[in-house]
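Source file: data_9.tsv (TSV, C-alpha atoms)
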chain	number	residue	atom	x	y	z
I	17	MET	CA	12.98	10.04	-40.22
I	18	MET	CA	10.06	12.41	-39.59
I	19	ASN	CA	8.28	9.74	-37.52
I	20	ASN	CA	11.38	9.31	-35.34
I	21	ILE	CA	11.53	13.07	-34.76
I	22	LEU	CA	7.84	13.18	-33.84
I	23	ASP	CA	8.28	10.26	-31.45
I	24	SER	CA	11.23	12.02	-29.80
I	25	MET	CA	9.22	15.24	-29.48
I	26	GLU	CA	6.36	13.34	-27.90
I	27	ARG	CA	8.71	11.78	-25.35
I	28	ALA	CA	10.13	15.22	-24.60
I	29	ASP	CA	6.59	16.56	-24.01
I	30	ILE	CA	5.96	13.72	-21.55
I	31	LEU	CA	9.14	14.61	-19.65
I	32	MET	CA	8.14	18.28	-19.54
I	33	GLU	CA	4.69	17.34	-18.22
I	34	ALA	CA	6.40	15.47	-15.38
I	35	LEU	CA	8.80	18.31	-14.48
I	36	PRO	CA	6.49	20.42	-12.25
I	37	TYR	CA	5.45	17.30	-10.34
I	38	ILE	CA	9.07	16.23	-9.84
I	39	LYS	CA	9.83	19.70	-8.47
I	40	ARG	CA	6.74	19.64	-6.22
I	41	PHE	CA	7.56	16.24	-4.70
I	42	TYR	CA	11.32	16.74	-4.40
I	43	ASN	CA	12.52	15.55	-0.98
I	44	LYS	CA	8.95	14.56	-0.04
I	45	THR	CA	7.98	11.16	1.35
I	46	ILE	CA	5.60	8.98	-0.67
I	47	VAL	CA	4.24	5.81	0.98
I	48	ILE	CA	3.24	3.07	-1.47
I	49	LYS	CA	1.17	0.05	-0.52
I	50	TYR	CA	2.27	-2.63	-2.95
I	51	GLY	CA	-0.16	-5.49	-3.47
I	52	GLY	CA	-2.58	-7.25	-5.77
I	53	HIS	CA	-1.79	-8.40	-9.30
I	54	ALA	CA	1.25	-6.11	-9.46
I	55	MET	CA	2.97	-8.46	-7.00
I	56	VAL	CA	2.49	-11.69	-8.96
I	57	ASP	CA	2.95	-10.67	-12.62
I	58	ASP	CA	6.67	-10.77	-13.47
I	59	GLU	CA	6.55	-7.87	-15.93
I	60	LEU	CA	4.57	-5.68	-13.53
I	61	LYS	CA	6.96	-6.53	-10.68
I	62	ASP	CA	9.88	-5.41	-12.81
I	63	LYS	CA	8.14	-2.17	-13.85
I	64	PHE	CA	7.23	-1.44	-10.22
I	65	ALA	CA	10.85	-1.82	-9.12
I	66	LYS	CA	12.03	0.54	-11.88
I	67	ASP	CA	9.37	3.11	-10.94
I	68	VAL	CA	10.48	3.12	-7.31
I	69	VAL	CA	14.14	3.49	-8.28
I	70	MET	CA	13.29	6.39	-10.62
I	71	MET	CA	11.41	8.16	-7.82
I	72	LYS	CA	14.48	7.93	-5.60
I	73	TYR	CA	16.80	9.17	-8.34
I	74	VAL	CA	14.70	12.31	-8.93
I	75	GLY	CA	14.84	13.20	-5.24
I	76	ILE	CA	11.62	11.65	-3.88
I	77	ASN	CA	11.66	9.39	-0.81
I	78	PRO	CA	9.54	6.29	-1.54
I	79	VAL	CA	8.58	3.98	1.34
I	80	VAL	CA	7.03	0.64	0.31
I	81	VAL	CA	4.66	-1.42	2.45
I	82	HIS	CA	3.77	-4.74	0.84
I	83	GLY	CA	1.11	-7.37	1.23
I	84	GLY	CA	1.36	-11.06	0.41
I	85	GLY	CA	-2.00	-12.70	1.01
I	86	PRO	CA	-2.02	-14.89	-2.13
I	87	GLN	CA	1.54	-16.07	-1.49
I	88	ILE	CA	0.66	-16.97	2.11
I	89	GLY	CA	-2.46	-18.80	0.93
I	90	ASP	CA	-0.48	-20.80	-1.64
I	91	PHE	CA	2.09	-21.84	0.95
I	92	LEU	CA	-0.55	-22.88	3.47
I	93	LYS	CA	-2.28	-24.92	0.77
I	94	LYS	CA	0.96	-26.77	0.00
I	95	LEU	CA	1.18	-27.67	3.68
I	96	GLY	CA	-2.41	-28.89	3.68
I	97	LYS	CA	-3.57	-26.05	5.94
I	98	GLU	CA	-6.82	-24.32	5.04
I	99	SER	CA	-7.01	-20.51	5.00
I	100	LYS	CA	-9.96	-19.21	7.01
I	101	PHE	CA	-11.18	-15.61	7.06
I	102	VAL	CA	-13.59	-13.57	9.17
I	103	GLN	CA	-14.63	-10.14	7.81
I	104	GLY	CA	-11.71	-10.33	5.38
I	105	LEU	CA	-9.13	-11.03	8.09
I	106	ARG	CA	-7.10	-14.25	8.10
I	107	ILE	CA	-7.57	-16.34	11.24
I	108	THR	CA	-3.98	-16.60	12.46
I	109	ASP	CA	-3.02	-19.26	14.98
I	110	LYS	CA	0.60	-19.71	16.10
I	111	GLU	CA	1.46	-22.14	13.29
I	112	THR	CA	-0.13	-19.86	10.68
I	113	MET	CA	1.70	-16.84	12.12
I	114	ASP	CA	5.03	-18.63	11.71
I	115	ILE	CA	4.17	-19.26	8.06
I	116	VAL	CA	2.93	-15.67	7.55
I	117	GLU	CA	6.19	-14.33	8.95
I	118	MET	CA	8.30	-16.72	6.90
I	119	VAL	CA	6.50	-15.87	3.63
I	120	LEU	CA	6.12	-12.10	4.17
I	121	VAL	CA	9.48	-11.35	5.76
I	122	GLY	CA	11.67	-14.15	4.45
I	123	LYS	CA	10.41	-14.51	0.89
I	124	VAL	CA	8.19	-11.69	-0.43
I	125	ASN	CA	10.08	-8.87	1.27
I	126	LYS	CA	13.47	-10.07	0.08
I	127	GLU	CA	12.23	-10.57	-3.48
I	128	ILE	CA	11.09	-6.92	-3.63
I	129	VAL	CA	14.39	-5.76	-2.12
I	130	GLY	CA	16.32	-7.78	-4.70
I	131	LEU	CA	14.33	-6.44	-7.65
I	132	ILE	CA	14.84	-2.81	-6.61
I	133	ASN	CA	18.53	-3.32	-5.92
I	134	ASN	CA	18.98	-5.04	-9.30
I	135	HIS	CA	17.74	-1.83	-10.95
I	136	GLY	CA	20.20	0.40	-9.10
I	137	GLY	CA	18.27	1.24	-5.94
I	138	LYS	CA	19.39	0.77	-2.33
I	139	ALA	CA	16.46	-1.08	-0.79
I	140	VAL	CA	16.43	-2.35	2.80
I	141	GLY	CA	13.90	-4.93	4.01
I	142	LEU	CA	12.21	-4.42	7.37
I	143	SER	CA	9.56	-6.10	9.47
I	144	GLY	CA	7.72	-4.66	12.46
I	145	LYS	CA	10.22	-6.38	14.76
I	146	ASP	CA	13.21	-4.46	13.40
I	147	GLY	CA	13.96	-1.75	15.93
I	148	ASN	CA	10.39	-2.14	17.23
I	149	LEU	CA	9.28	-0.44	14.03
I	150	ILE	CA	5.60	-1.45	14.37
I	151	MET	CA	4.31	-1.85	17.92
I	152	ALA	CA	1.03	-3.74	17.95
I	153	GLU	CA	-1.59	-5.36	20.13
I	154	LYS	CA	-4.21	-8.03	19.58
I	155	TYR	CA	-7.12	-6.98	17.39
I	156	LEU	CA	-10.46	-7.81	18.94
I	157	LEU	CA	-13.05	-8.44	16.27
I	158	SER	CA	-16.68	-7.84	17.21
I	159	GLU	CA	-19.71	-9.12	15.33
I	160	GLU	CA	-23.35	-8.22	15.90
I	161	LYS	CA	-25.55	-11.33	16.07
I	162	ALA	CA	-28.89	-9.68	16.83
I	163	LYS	CA	-30.39	-6.31	17.65
I	164	HIS	CA	-30.42	-5.15	21.26
I	165	THR	CA	-27.73	-7.67	22.22
I	166	PRO	CA	-24.05	-7.00	22.90
I	167	PRO	CA	-21.75	-7.78	19.94
I	168	GLU	CA	-19.90	-11.08	20.06
I	169	ILE	CA	-16.11	-10.87	20.43
I	170	ILE	CA	-14.42	-13.25	17.98
I	171	ASP	CA	-10.90	-14.49	18.63
I	172	ILE	CA	-9.06	-14.54	15.28
I	173	GLY	CA	-5.70	-15.28	16.82
I	174	LEU	CA	-2.51	-13.32	16.24
I	175	VAL	CA	-4.08	-10.58	14.14
I	176	GLY	CA	-2.93	-7.19	15.37
I	177	LYS	CA	-3.67	-3.52	15.23
I	178	VAL	CA	-1.03	-0.81	15.19
I	179	VAL	CA	-0.27	0.91	18.50
I	180	ALA	CA	2.76	2.96	17.46
I	181	ILE	CA	5.20	3.45	14.57
I	182	ASN	CA	8.89	4.15	15.20
I	183	SER	CA	9.22	6.55	12.28
I	184	GLN	CA	12.80	7.49	13.18
I	185	ILE	CA	14.08	4.24	11.67
I	186	ILE	CA	12.39	4.95	8.35
I	187	ALA	CA	13.45	8.61	8.31
I	188	THR	CA	17.08	7.68	8.99
I	189	LEU	CA	17.09	5.22	6.10
I	190	THR	CA	15.47	7.58	3.58
I	191	GLN	CA	17.76	10.46	4.54
I	192	ASN	CA	20.75	8.24	3.82
I	193	GLY	CA	19.60	7.23	0.36
I	194	PHE	CA	17.90	3.93	1.20
I	195	ILE	CA	14.44	2.72	0.18
I	196	PRO	CA	12.61	1.00	3.09
I	197	ILE	CA	10.57	-2.09	2.12
I	198	ILE	CA	8.27	-2.99	5.01
I	199	ALA	CA	6.46	-6.26	5.73
I	200	PRO	CA	3.18	-5.73	7.67
I	201	THR	CA	3.99	-7.64	10.83
I	202	GLY	CA	4.01	-6.04	14.27
I	203	ILE	CA	5.48	-6.85	17.67
I	204	GLY	CA	3.59	-6.91	20.97
I	205	GLU	CA	4.71	-5.98	24.47
I	206	GLU	CA	5.70	-9.56	25.24
I	207	GLY	CA	7.59	-9.99	21.97
I	208	GLU	CA	4.76	-11.81	20.20
I	209	THR	CA	4.40	-11.33	16.44
I	210	TYR	CA	1.15	-10.05	14.91
I	211	ASN	CA	-0.21	-10.28	11.39
I	212	ILE	CA	-1.55	-6.84	10.34
I	213	ASN	CA	-3.49	-5.71	7.26
I	214	ALA	CA	-1.02	-4.09	4.83
I	215	ASP	CA	-3.39	-1.22	3.94
I	216	VAL	CA	-3.68	-0.34	7.62
I	217	VAL	CA	0.10	-0.45	8.12
I	218	ALA	CA	0.64	1.78	5.05
I	219	GLY	CA	-1.85	4.34	6.41
I	220	GLU	CA	-0.29	4.35	9.88
I	221	ILE	CA	3.23	4.72	8.49
I	222	ALA	CA	2.15	7.49	6.11
I	223	ALA	CA	0.60	9.41	9.00
I	224	ALA	CA	3.63	8.86	11.26
I	225	LEU	CA	5.93	10.20	8.52
I	226	GLN	CA	3.53	13.04	7.61
I	227	ALA	CA	3.89	11.82	4.04
I	228	GLU	CA	3.04	13.99	1.07
I	229	LYS	CA	1.09	11.13	-0.50
I	230	MET	CA	-0.03	7.58	0.11
I	231	LEU	CA	-0.71	5.34	-2.88
I	232	LEU	CA	-2.63	2.07	-2.59
I	233	LEU	CA	-2.10	-0.27	-5.55
I	234	THR	CA	-5.19	-2.39	-6.16
I	235	ASP	CA	-6.74	-4.63	-8.83
I	236	VAL	CA	-9.45	-2.11	-9.78
I	237	PRO	CA	-9.24	1.27	-11.58
I	238	GLY	CA	-10.12	3.22	-8.43
I	239	VAL	CA	-13.28	4.37	-6.65
I	240	MET	CA	-16.41	4.18	-8.79
I	241	ASP	CA	-19.53	6.36	-8.56
I	242	GLN	CA	-23.18	5.23	-8.68
I	243	ASN	CA	-22.89	4.78	-12.46
I	244	LYS	CA	-19.72	2.66	-12.19
I	245	LYS	CA	-17.59	5.49	-13.60
I	246	LEU	CA	-14.16	6.24	-12.18
I	247	ILE	CA	-13.97	9.20	-9.80
I	248	ASN	CA	-10.68	11.00	-10.53
I	249	THR	CA	-10.63	13.23	-7.47
I	250	MET	CA	-12.83	13.81	-4.44
I	251	SER	CA	-12.89	15.22	-0.93
I	252	SER	CA	-13.11	13.19	2.26
I	253	LYS	CA	-16.63	14.57	2.70
I	254	LYS	CA	-17.68	13.08	-0.63
I	255	VAL	CA	-16.06	9.77	0.32
I	256	GLN	CA	-18.12	9.64	3.49
I	257	LYS	CA	-21.30	10.32	1.52
I	258	LEU	CA	-20.51	7.48	-0.87
I	259	ILE	CA	-20.00	5.19	2.12
I	260	ASP	CA	-23.26	6.32	3.73
I	261	ASP	CA	-25.12	5.79	0.44
I	262	GLY	CA	-23.73	2.27	0.09
I	263	VAL	CA	-21.84	3.08	-3.11
I	264	VAL	CA	-18.48	2.22	-1.55
I	265	GLU	CA	-18.65	-1.32	-0.25
I	266	GLY	CA	-16.90	-4.69	-0.29
I	267	GLY	CA	-13.12	-4.65	-0.66
I	268	MET	CA	-13.05	-0.93	-1.47
I	269	TYR	CA	-14.60	0.02	1.90
I	270	PRO	CA	-11.52	-0.73	4.09
I	271	LYS	CA	-9.25	0.95	1.53
I	272	VAL	CA	-11.12	4.27	1.55
I	273	LYS	CA	-11.42	4.11	5.36
I	274	CYS	CA	-7.66	3.65	5.49
I	275	CYS	CA	-7.23	6.69	3.21
I	276	LEU	CA	-9.50	8.83	5.39
I	277	LYS	CA	-7.58	7.89	8.53
I	278	ALA	CA	-4.26	8.69	6.86
I	279	LEU	CA	-5.55	12.10	5.74
I	280	LYS	CA	-6.79	12.90	9.24
I	281	GLY	CA	-3.35	11.89	10.50
I	282	GLY	CA	-1.65	14.54	8.36
I	283	VAL	CA	-1.06	12.91	4.97
I	284	LYS	CA	-1.64	15.49	2.22
I	285	LYS	CA	-3.35	13.22	-0.35
I	286	ALA	CA	-4.24	9.56	-0.74
I	287	HIS	CA	-4.58	7.70	-4.04
I	288	ILE	CA	-6.18	4.41	-5.01
I	289	VAL	CA	-4.53	3.22	-8.21
I	290	ASP	CA	-4.85	0.27	-10.58
I	291	GLY	CA	-1.62	-1.65	-10.11
I	292	ARG	CA	-2.40	-3.84	-13.13
I	293	LEU	CA	-1.27	-0.98	-15.39
I	294	LYS	CA	2.40	-0.67	-16.27
I	295	HIS	CA	4.10	2.28	-14.52
I	296	ALA	CA	0.90	2.97	-12.55
I	297	ILE	CA	2.75	4.97	-9.88
I	298	LEU	CA	4.45	7.29	-12.38
I	299	LEU	CA	1.24	7.80	-14.36
I	300	GLU	CA	-0.65	8.80	-11.22
I	301	MET	CA	2.04	11.08	-9.79
I	302	PHE	CA	3.63	12.73	-12.82
I	303	THR	CA	0.78	13.34	-15.28
I	304	ASP	CA	-1.91	16.03	-15.27
I	305	LYS	CA	-4.89	13.66	-15.31
I	306	GLY	CA	-3.56	10.68	-13.37
I	307	ILE	CA	-5.13	7.24	-13.71
I	308	GLY	CA	-6.77	6.46	-10.34
I	309	THR	CA	-8.74	8.17	-7.59
I	310	GLU	CA	-7.20	11.01	-5.60
I	311	ILE	CA	-8.66	11.76	-2.16
I	312	ALA	CA	-7.92	14.92	-0.16
I	313	LEU	CA	-9.38	16.57	2.92
Take the structure in this file and express it as C-alpha coordinates.
Amino acid sequence: MMNNILDSMERADILMEALPYIKRFYNKTIVIKYGGHAMVDDELKDKFAKDVVMMKYVGINPVVVHGGGPQIGDFLKKLGKESKFVQGLRITDKETMDIVEMVLVGKVNKEIVGLINNHGGKAVGLSGKDGNLIMAEKYLLSEEKAKHTPPEIIDIGLVGKVVAINSQIIATLTQNGFIPIIAPTGIGEEGETYNINADVVAGEIAAALQAEKMLLLTDVPGVMDQNKKLINTMSSKKVQKLIDDGVVEGGMYPKVKCCLKALKGGVKKAHIVDGRLKHAILLEMFTDKGIGTEIAL
(Lines of atoms letter the chains of each structure in order from A and count residues from 1; the text may use other names and numbers.)
(Lines give C-alpha, C1' and ligand atoms only; values in the text may rest on other atoms or scores of the structure.)
Protein backbone atom coordinates (compact mmCIF):
# COMPACT_ATOMS: atom_id res chain seq x y z
CA MET A 1 0.00 0.00 0.00
CA MET A 2 2.74 2.44 1.03
CA ASN A 3 4.72 1.64 -2.14
CA ASN A 4 1.66 2.40 -4.28
CA ILE A 5 1.23 5.75 -2.54
CA LEU A 6 4.91 6.60 -3.05
CA ASP A 7 4.69 5.66 -6.72
CA SER A 8 1.62 7.87 -7.14
CA MET A 9 3.37 10.77 -5.40
CA GLU A 10 6.38 10.34 -7.67
CA ARG A 11 4.15 10.46 -10.75
CA ALA A 12 2.48 13.59 -9.39
CA ASP A 13 5.91 15.22 -8.91
CA ILE A 14 6.76 14.44 -12.54
CA LEU A 15 3.52 16.09 -13.69
CA MET A 16 4.24 19.16 -11.56
CA GLU A 17 7.75 19.40 -13.02
CA ALA A 18 6.20 19.47 -16.49
CA LEU A 19 3.59 22.15 -15.65
CA PRO A 20 5.74 25.30 -16.09
CA TYR A 21 7.01 23.99 -19.43
CA ILE A 22 3.48 23.21 -20.63
CA LYS A 23 2.47 26.77 -19.71
CA ARG A 24 5.55 28.24 -21.42
CA PHE A 25 4.99 26.36 -24.70
CA TYR A 26 1.21 26.71 -24.81
CA ASN A 27 0.10 27.72 -28.33
CA LYS A 28 3.74 27.69 -29.50
CA THR A 29 4.97 25.84 -32.59
CA ILE A 30 7.50 23.04 -32.14
CA VAL A 31 9.10 21.55 -35.28
CA ILE A 32 10.30 17.95 -34.88
CA LYS A 33 12.60 16.22 -37.33
CA TYR A 34 11.69 12.56 -37.01
CA GLY A 35 14.33 10.10 -38.18
CA GLY A 36 16.88 7.47 -37.25
CA HIS A 37 16.17 4.40 -35.12
CA ALA A 38 12.96 5.97 -33.77
CA MET A 39 11.43 5.44 -37.23
CA VAL A 40 12.15 1.71 -37.54
CA ASP A 41 11.61 0.33 -34.01
CA ASP A 42 7.90 -0.47 -33.55
CA GLU A 43 7.80 0.40 -29.85
CA LEU A 44 9.61 3.70 -30.40
CA LYS A 45 7.30 4.56 -33.31
CA ASP A 46 4.30 4.03 -31.06
CA LYS A 47 5.79 6.12 -28.23
CA PHE A 48 6.65 8.92 -30.68
CA ALA A 49 3.07 9.04 -31.96
CA LYS A 50 1.71 9.23 -28.40
CA ASP A 51 4.17 12.01 -27.51
CA VAL A 52 3.07 14.10 -30.48
CA VAL A 53 -0.61 13.61 -29.64
CA MET A 54 0.01 14.59 -26.01
CA MET A 55 1.76 17.79 -27.13
CA LYS A 56 -1.28 18.74 -29.20
CA TYR A 57 -3.69 17.97 -26.36
CA VAL A 58 -1.83 20.27 -23.94
CA GLY A 59 -2.04 23.16 -26.38
CA ILE A 60 1.29 22.92 -28.25
CA ASN A 61 1.43 22.92 -32.06
CA PRO A 62 3.78 20.12 -33.21
CA VAL A 63 4.91 20.04 -36.84
CA VAL A 64 6.70 16.84 -37.92
CA VAL A 65 9.23 16.59 -40.76
CA HIS A 66 10.37 13.03 -41.38
CA GLY A 67 13.21 11.30 -43.13
CA GLY A 68 13.24 7.84 -44.66
CA GLY A 69 16.72 7.08 -45.95
CA PRO A 70 16.90 3.45 -44.72
CA GLN A 71 13.43 2.68 -46.10
CA ILE A 72 14.39 4.14 -49.49
CA GLY A 73 17.64 2.16 -49.47
CA ASP A 74 15.80 -1.09 -48.68
CA PHE A 75 13.32 -0.55 -51.51
CA LEU A 76 16.04 0.28 -54.02
CA LYS A 77 17.91 -2.86 -52.98
CA LYS A 78 14.82 -5.00 -53.59
CA LEU A 79 14.67 -3.55 -57.10
CA GLY A 80 18.35 -4.32 -57.66
CA LYS A 81 19.29 -0.63 -57.75
CA GLU A 82 22.41 0.42 -55.85
CA SER A 83 22.31 3.47 -53.56
CA LYS A 84 25.15 5.88 -54.27
CA PHE A 85 26.10 8.87 -52.13
CA VAL A 86 28.35 11.90 -52.51
CA GLN A 87 29.13 13.91 -49.34
CA GLY A 88 26.23 12.15 -47.63
CA LEU A 89 23.72 13.04 -50.35
CA ARG A 90 21.93 10.34 -52.35
CA ILE A 91 22.56 10.55 -56.09
CA THR A 92 19.00 10.85 -57.39
CA ASP A 93 18.25 10.15 -61.04
CA LYS A 94 14.67 10.24 -62.37
CA GLU A 95 14.00 6.57 -61.58
CA THR A 96 15.40 6.94 -58.06
CA MET A 97 13.36 10.12 -57.52
CA ASP A 98 10.17 8.24 -58.40
CA ILE A 99 11.07 5.62 -55.80
CA VAL A 100 12.04 8.27 -53.20
CA GLU A 101 8.69 9.99 -53.69
CA MET A 102 6.76 6.72 -53.55
CA VAL A 103 8.49 5.57 -50.33
CA LEU A 104 8.58 8.94 -48.52
CA VAL A 105 5.18 10.29 -49.52
CA GLY A 106 3.20 7.13 -50.21
CA LYS A 107 4.48 4.82 -47.50
CA VAL A 108 6.48 6.43 -44.67
CA ASN A 109 4.38 9.58 -44.45
CA LYS A 110 1.09 7.71 -44.37
CA GLU A 111 2.36 5.27 -41.74
CA ILE A 112 3.22 8.18 -39.40
CA VAL A 113 -0.15 9.82 -40.08
CA GLY A 114 -1.93 6.55 -39.30
CA LEU A 115 -0.05 6.00 -36.03
CA ILE A 116 -0.83 9.49 -34.75
CA ASN A 117 -4.47 9.27 -35.77
CA ASN A 118 -4.80 5.86 -34.09
CA HIS A 119 -3.80 7.54 -30.81
CA GLY A 120 -6.42 10.28 -31.09
CA GLY A 121 -4.56 12.94 -33.05
CA LYS A 122 -5.63 14.63 -36.29
CA ALA A 123 -2.57 14.24 -38.49
CA VAL A 124 -2.44 15.35 -42.13
CA GLY A 125 0.28 14.14 -44.51
CA LEU A 126 1.93 16.64 -46.84
CA SER A 127 4.71 16.71 -49.40
CA GLY A 128 6.44 19.74 -50.88
CA LYS A 129 4.08 19.57 -53.85
CA ASP A 130 0.95 20.13 -51.76
CA GLY A 131 0.00 23.76 -52.23
CA ASN A 132 3.59 24.44 -53.35
CA LEU A 133 4.57 23.97 -49.71
CA ILE A 134 8.31 23.58 -50.41
CA MET A 135 9.63 25.44 -53.45
CA ALA A 136 13.05 24.14 -54.44
CA GLU A 137 15.79 24.28 -57.03
CA LYS A 138 18.60 21.97 -58.05
CA TYR A 139 21.41 21.68 -55.53
CA LEU A 140 24.81 22.14 -57.12
CA LEU A 141 27.44 20.21 -55.22
CA SER A 142 31.02 21.46 -55.45
CA GLU A 143 34.13 19.50 -54.56
CA GLU A 144 37.69 20.78 -54.32
CA LYS A 145 40.12 18.51 -56.19
CA ALA A 146 43.32 20.48 -55.68
CA LYS A 147 44.58 23.77 -54.28
CA HIS A 148 44.52 26.84 -56.50
CA THR A 149 42.02 25.23 -58.89
CA PRO A 150 38.31 25.95 -59.20
CA PRO A 151 36.07 23.43 -57.39
CA GLU A 152 34.47 20.74 -59.52
CA ILE A 153 30.68 20.91 -59.86
CA ILE A 154 29.17 17.44 -59.38
CA ASP A 155 25.75 16.62 -60.79
CA ILE A 156 23.92 14.48 -58.21
CA GLY A 157 20.62 14.60 -60.05
CA LEU A 158 17.30 15.64 -58.56
CA VAL A 159 18.66 16.69 -55.18
CA GLY A 160 17.25 20.07 -54.23
CA LYS A 161 17.72 22.98 -51.91
CA VAL A 162 14.87 24.97 -50.39
CA VAL A 163 14.00 28.27 -52.07
CA ALA A 164 10.81 29.13 -50.17
CA ILE A 165 8.34 27.66 -47.66
CA ASN A 166 4.61 28.37 -47.93
CA SER A 167 4.10 28.54 -44.17
CA GLN A 168 0.45 29.63 -44.50
CA ILE A 169 -0.57 26.04 -45.27
CA ILE A 170 1.05 24.75 -42.10
CA ALA A 171 -0.28 27.60 -39.95
CA THR A 172 -3.83 27.04 -41.22
CA LEU A 173 -3.66 23.34 -40.35
CA THR A 174 -2.23 23.84 -36.84
CA GLN A 175 -4.72 26.59 -36.02
CA ASN A 176 -7.54 24.20 -36.88
CA GLY A 177 -6.33 21.40 -34.64
CA PHE A 178 -4.38 19.35 -37.19
CA ILE A 179 -0.84 17.99 -36.93
CA PRO A 180 1.12 18.43 -40.20
CA ILE A 181 3.38 15.50 -41.15
CA ILE A 182 5.75 16.63 -43.91
CA ALA A 183 7.81 14.54 -46.34
CA PRO A 184 11.03 16.31 -47.43
CA THR A 185 10.38 16.60 -51.15
CA GLY A 186 10.24 19.92 -52.97
CA ILE A 187 8.84 21.21 -56.26
CA GLY A 188 10.74 23.23 -58.86
CA GLU A 189 9.56 25.99 -61.18
CA GLU A 190 8.84 23.50 -63.97
CA GLY A 191 6.98 21.11 -61.68
CA GLU A 192 9.94 18.77 -61.20
CA THR A 193 10.25 16.94 -57.87
CA TYR A 194 13.40 17.26 -55.73
CA ASN A 195 14.76 15.07 -52.96
CA ILE A 196 15.84 17.29 -50.03
CA ASN A 197 17.68 16.48 -46.80
CA ALA A 198 15.09 16.19 -43.99
CA ASP A 199 17.24 18.11 -41.47
CA VAL A 200 17.47 21.02 -43.90
CA VAL A 201 13.71 21.01 -44.53
CA ALA A 202 13.00 20.95 -40.77
CA GLY A 203 15.29 23.95 -40.24
CA GLU A 204 13.74 25.93 -43.09
CA ILE A 205 10.20 25.18 -41.92
CA ALA A 206 11.07 26.06 -38.32
CA ALA A 207 12.47 29.41 -39.45
CA ALA A 208 9.50 30.13 -41.72
CA LEU A 209 7.09 29.44 -38.83
CA GLN A 210 9.27 31.33 -36.31
CA ALA A 211 9.00 28.21 -34.18
CA GLU A 212 9.68 28.24 -30.46
CA LYS A 213 11.84 25.13 -30.79
CA MET A 214 13.22 22.71 -33.34
CA LEU A 215 14.07 19.18 -32.22
CA LEU A 216 16.23 16.84 -34.30
CA LEU A 217 15.87 13.17 -33.33
CA THR A 218 19.11 11.29 -33.94
CA ASP A 219 20.82 8.01 -33.05
CA VAL A 220 23.33 9.63 -30.67
CA PRO A 221 22.87 11.26 -27.23
CA GLY A 222 23.60 14.75 -28.57
CA VAL A 223 26.67 16.91 -29.18
CA MET A 224 29.80 15.68 -27.42
CA ASP A 225 32.75 17.76 -26.18
CA GLN A 226 36.47 16.99 -26.59
CA ASN A 227 36.21 14.37 -23.82
CA LYS A 228 33.21 12.64 -25.43
CA LYS A 229 30.87 13.95 -22.73
CA LEU A 230 27.39 15.19 -23.58
CA ILE A 231 26.98 18.97 -23.76
CA ASN A 232 23.57 19.78 -22.26
CA THR A 233 23.35 23.38 -23.41
CA MET A 234 25.51 25.78 -25.40
CA SER A 235 25.47 29.00 -27.39
CA SER A 236 25.85 29.27 -31.16
CA LYS A 237 29.25 30.85 -30.53
CA LYS A 238 30.41 27.74 -28.68
CA VAL A 239 29.05 25.55 -31.47
CA GLN A 240 31.12 27.45 -34.01
CA LYS A 241 34.23 27.02 -31.88
CA LEU A 242 33.65 23.27 -31.66
CA ILE A 243 33.32 23.18 -35.45
CA ASP A 244 36.49 25.24 -35.93
CA ASP A 245 38.38 22.97 -33.51
CA GLY A 246 37.26 19.85 -35.37
CA VAL A 247 35.31 18.49 -32.40
CA VAL A 248 32.02 18.52 -34.32
CA GLU A 249 32.46 16.46 -37.45
CA GLY A 250 30.97 13.63 -39.49
CA GLY A 251 27.20 13.22 -39.34
CA MET A 252 26.84 15.72 -36.50
CA TYR A 253 28.32 18.57 -38.58
CA PRO A 254 25.31 19.08 -40.92
CA LYS A 255 22.92 18.78 -37.97
CA VAL A 256 24.53 21.57 -35.94
CA LYS A 257 24.85 23.71 -39.09
CA CYS A 258 21.13 23.20 -39.64
CA CYS A 259 20.48 24.26 -36.03
CA LEU A 260 22.58 27.41 -36.41
CA LYS A 261 20.74 28.40 -39.58
CA ALA A 262 17.37 27.86 -37.92
CA LEU A 263 18.40 30.01 -34.94
CA LYS A 264 19.58 32.79 -37.23
CA GLY A 265 16.23 32.52 -39.00
CA GLY A 266 14.33 33.29 -35.80
CA VAL A 267 13.86 29.93 -34.05
CA LYS A 268 14.24 30.41 -30.28
CA LYS A 269 16.11 27.16 -29.48
CA ALA A 270 17.27 24.05 -31.29
CA HIS A 271 17.74 20.62 -29.72
CA ILE A 272 19.59 17.50 -30.81
CA VAL A 273 18.02 14.55 -29.00
CA ASP A 274 18.56 10.79 -28.83
CA GLY A 275 15.49 9.33 -30.49
CA ARG A 276 16.42 5.83 -29.32
CA LEU A 277 15.08 6.73 -25.86
CA LYS A 278 11.39 6.23 -25.13
CA HIS A 279 9.48 9.53 -24.87
CA ALA A 280 12.62 11.45 -25.91
CA ILE A 281 10.64 14.53 -26.96
CA LEU A 282 8.76 14.80 -23.65
CA LEU A 283 11.91 14.23 -21.61
CA GLU A 284 13.73 17.01 -23.46
CA MET A 285 10.89 19.53 -23.39
CA PHE A 286 9.17 18.96 -20.05
CA THR A 287 11.96 18.17 -17.58
CA ASP A 288 14.43 20.49 -15.87
CA LYS A 289 17.59 18.74 -17.11
CA GLY A 290 16.49 17.42 -20.49
CA ILE A 291 18.32 14.55 -22.18
CA GLY A 292 20.01 16.01 -25.27
CA THR A 293 21.85 19.14 -26.39
CA GLU A 294 20.11 22.51 -26.38
CA ILE A 295 21.51 25.24 -28.65
CA ALA A 296 20.54 28.92 -28.41
CA LEU A 297 21.88 32.15 -29.86
Open item on the list: List as an MDAnalysis selection string the protein and nucleic acid residues near Val255 of chain I, meaning an atom at most 9 Å away when only C-alpha atoms are counted, but skip any in the same chain fewer than 6 places from it.
Closed with: chainID I and resid 264 272:273 276 311
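Distance check against Glu228 of chain I using all atoms listed in the file: of I:Pro86, I:Gly308, I:Gly136, I:Gly281, the minimum falls on I:Gly281.
Nearest residue to Ser99 of chain I among I:Met113, I:Leu225, I:Ile181, I:Ile170 is I:Met113, counting all atoms listed in the file.
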- [ ] Find the spatial neighbours of Gly104 of chain I, counting all atoms listed in the file, within a cut-off of 12 Å - ignore same-chain residues fewer than 3 positions away - and output them as an MDAnalysis selection string.
- [x] chainID I and resid 85 99:101 107 157 172 175 212:213 266:270
For the interface of segment 78-168 of chain I with segment 232-241 of chain I (cut-off 12 Å, counting all atoms listed in the file), please tabulate each contacting residue of segment 78-168 of chain I alongside its nearest pair of atoms and their separation in Å to one decimal, rows sorted by chain and increasing number, as JSON lines.
{"residue": "I:Val80", "atom": "CA", "partner": "I:Leu232", "partner_atom": "CA", "distance": 10.2}
{"residue": "I:Val81", "atom": "CA", "partner": "I:Leu232", "partner_atom": "CA", "distance": 9.5}
{"residue": "I:His82", "atom": "CA", "partner": "I:Leu233", "partner_atom": "CA", "distance": 9.8}
{"residue": "I:Gly83", "atom": "CA", "partner": "I:Leu233", "partner_atom": "CA", "distance": 10.3}
Please return the centre and edge lengths, in Å to one decimal, of a box with edges along x, y and z that contains all listed atoms of segment 64-77 of chain I, widened by 4 Å on every side, as AutoDock Vina command-line options.
--center_x 12.0 --center_y 5.7 --center_z -6.3 --size_x 17.6 --size_y 23.0 --size_z 19.1
